[in-house]
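Q: Please read through the structure below; I'll follow up with questions.
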Amino acid sequence: MRTPYGYTRYDLSTVTINEEQAAMVNPIYDLYLQGKSLGGIVDALKEQGIPSPAGKPVWARAAVDNILSNRRYVPYIISEDRFWEAQFEKDRRTNLADNNRTRKTARYNSQNVLSGLLICGECGRNYRRITRPSGEVVWRCADKVENGKQATCSNMVTVTDDEIRGIICAQLGLEAFDKAVVGEAIEAIEISSIEIVLQMKTTPSLGMQAM
């Protein structure tokens with residue numbers, strides 16, 4: 001069996017993490033989830049002078065795709081959630097290509113009003129939107145998503161998309177979730193192991209928009 005990029009095989013029974021190569025796996029996932037195409041990632045790696053798994057100055061797109069698809073990185077180099085984020089993003093792009101014959105390069109989840117609003121009360125990083133294999137959408141601290149067991153943040157709280165929307169509606173007195181009202185009214189939503197706190201903007205104009 002071929003040894004994946006990021007690992008070194010010493011004999012038939014001994015495989016260890018290649019720290020130098022493994023350090024590039026998460027950035028490749030970062031670039032992909034930020035909207036970069038496989039070709040865009042290839043260009044970025046070339047600009048940074050990162051040699052391909054074959055030692056060449058230019059990566060093949062297939063090599064990047066293999067890294068984004070390889071389950072063997074979990075949980076040693078990337079977290080389970082991080083891996084599944086990439087798989088659902090790949091599905092999303094495939095569906096867009098099938099429906100529109102084009103590839104959308106917008107930043108991942110940039111149209112979701114909650115992206116950037118949810119903040120970890122322990123480490124201060126954003127909460128990341130994750131779609132589980134079951135289809136359920138949840139939010140977790142980005143440190144946990146990106147680093148798994150190696151994360152420094154102690155916040156283990158995962159909230160479902162339905163749960164956070166329900167809390168927002170209750171706080172704002174909305175019968176149904178309204179992203180325009182939420183974007184206008186809320187500055188941030190801090191999630192900690194103790195509570196979830198909505199930080200309101202100083203001059204929310206809820207009166208007219210909630211009608």
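Residues are referred to by chain and number: the chain letter is A, B, ... according to the order shown in the structure tokens, the number counts from 1 in that chain, and ligands are numbered separately from 1 in the order shown.
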Name all residues at most 8 Å from range 41-53 of chain A (count only C-alpha atoms; drop same-chain ones fewer than 4 positions away) and give them as a PyMOL selection string.
A: chain A and resi 5+28+31-32+36-37+57-61+63-64
Q: According to DSSP computed on the backbone, where in range 95-204 of chain A is there alpha helix (DSSP H)? Give the residues as a PyMOL selection string.
A: chain A and resi 95-100+142-147+161-172+179-185
Q: Residues of range 52-176 of chain A in strand (DSSP E or B) according to DSSP, as a PyMOL selection string?
A: chain A and resi 118-120+126-131+137-141+159-160
Q: Please list as a ChimeraX atom specification every residue within 10 Å of range 143-155 of chain A, counting only C-alpha atoms and excluding residues in the same chain fewer than 2 positions away.
A: /A:26-27,29-30,74-83,85,120-130,139-141,157-158,191-194
Q: Kindly give the distance, in Å, that separates CA of Leu172 in chain A and CA of Val137 in chain A, rounded to a single decimal.
A: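 Computing it gives 21.9 Å between the two atoms.
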Q: Which distance in Å separates CA of Ala170 in chain A and CA of Glu195 in chain A, to one decimal?
A: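 Value for the CA of Ala170 in chain A-CA of Glu195 in chain A distance: 15.0 Å.
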Q: Got a sec: who's within 10 Å of Ile189 in chain A, counting only C-alpha atoms, leaving out chain neighbours fewer than 6 positions off, as a tab-separated table (two decimals) with N, CA and C atoms, in the first residue's frame?
A:
```tsv
chain	number	residue	atom	x	y	z
A	114	LEU	N	-24.72	33.47	10.10
A	114	LEU	CA	-24.12	33.11	11.38
A	114	LEU	C	-22.60	32.98	11.29
A	116	GLY	N	-19.06	33.92	11.29
A	116	GLY	CA	-18.39	35.12	11.79
A	116	GLY	C	-19.05	35.71	13.01
A	117	LEU	N	-20.33	35.35	13.28
A	117	LEU	CA	-21.01	35.86	14.47
A	117	LEU	C	-20.74	34.99	15.70
A	118	LEU	N	-20.62	33.68	15.48
A	118	LEU	CA	-20.44	32.77	16.60
A	118	LEU	C	-18.98	32.74	17.02
A	119	ILE	N	-18.73	33.05	18.29
A	119	ILE	CA	-17.37	33.16	18.80
A	119	ILE	C	-17.21	32.27	20.03
A	120	CYS	N	-16.08	31.59	20.11
A	120	CYS	CA	-15.79	30.74	21.26
A	120	CYS	C	-15.49	31.60	22.48
A	121	GLY	N	-16.20	31.35	23.56
A	121	GLY	CA	-15.99	32.11	24.79
A	121	GLY	C	-14.73	31.73	25.54
A	126	ASN	N	-13.55	31.92	15.98
A	126	ASN	CA	-14.90	31.73	15.46
A	126	ASN	C	-15.36	30.29	15.63
A	127	TYR	N	-16.66	30.11	15.65
A	127	TYR	CA	-17.23	28.77	15.56
A	127	TYR	C	-17.37	28.43	14.08
A	164	ILE	N	-29.16	27.06	17.84
A	164	ILE	CA	-28.71	28.45	17.89
A	164	ILE	C	-29.73	29.38	17.25
A	168	ILE	N	-31.69	32.53	19.14
A	168	ILE	CA	-31.73	33.87	18.54
A	168	ILE	C	-33.17	34.36	18.40
A	196	ILE	N	-24.59	30.78	26.51
A	196	ILE	CA	-24.54	31.37	25.18
A	196	ILE	C	-25.08	32.79	25.31
A	197	VAL	N	-24.24	33.77	24.98
A	197	VAL	CA	-24.58	35.18	25.20
A	197	VAL	C	-24.62	35.91	23.86
A	198	LEU	N	-25.76	36.58	23.60
A	198	LEU	CA	-25.89	37.41	22.40
A	198	LEU	C	-25.43	38.84	22.72
A	199	GLN	N	-24.47	39.33	21.98
A	199	GLN	CA	-24.00	40.70	22.13
A	199	GLN	C	-24.67	41.54	21.05
A	200	MET	N	-25.54	42.47	21.49
A	200	MET	CA	-26.33	43.24	20.55
A	200	MET	C	-25.58	44.47	20.06
```
Q: Grab the CA of Ile167 in chain A to CA of Gln87 in chain A distance for me, in Å with one decimal place.
A: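 Those two atoms sit 29.0 Å apart.
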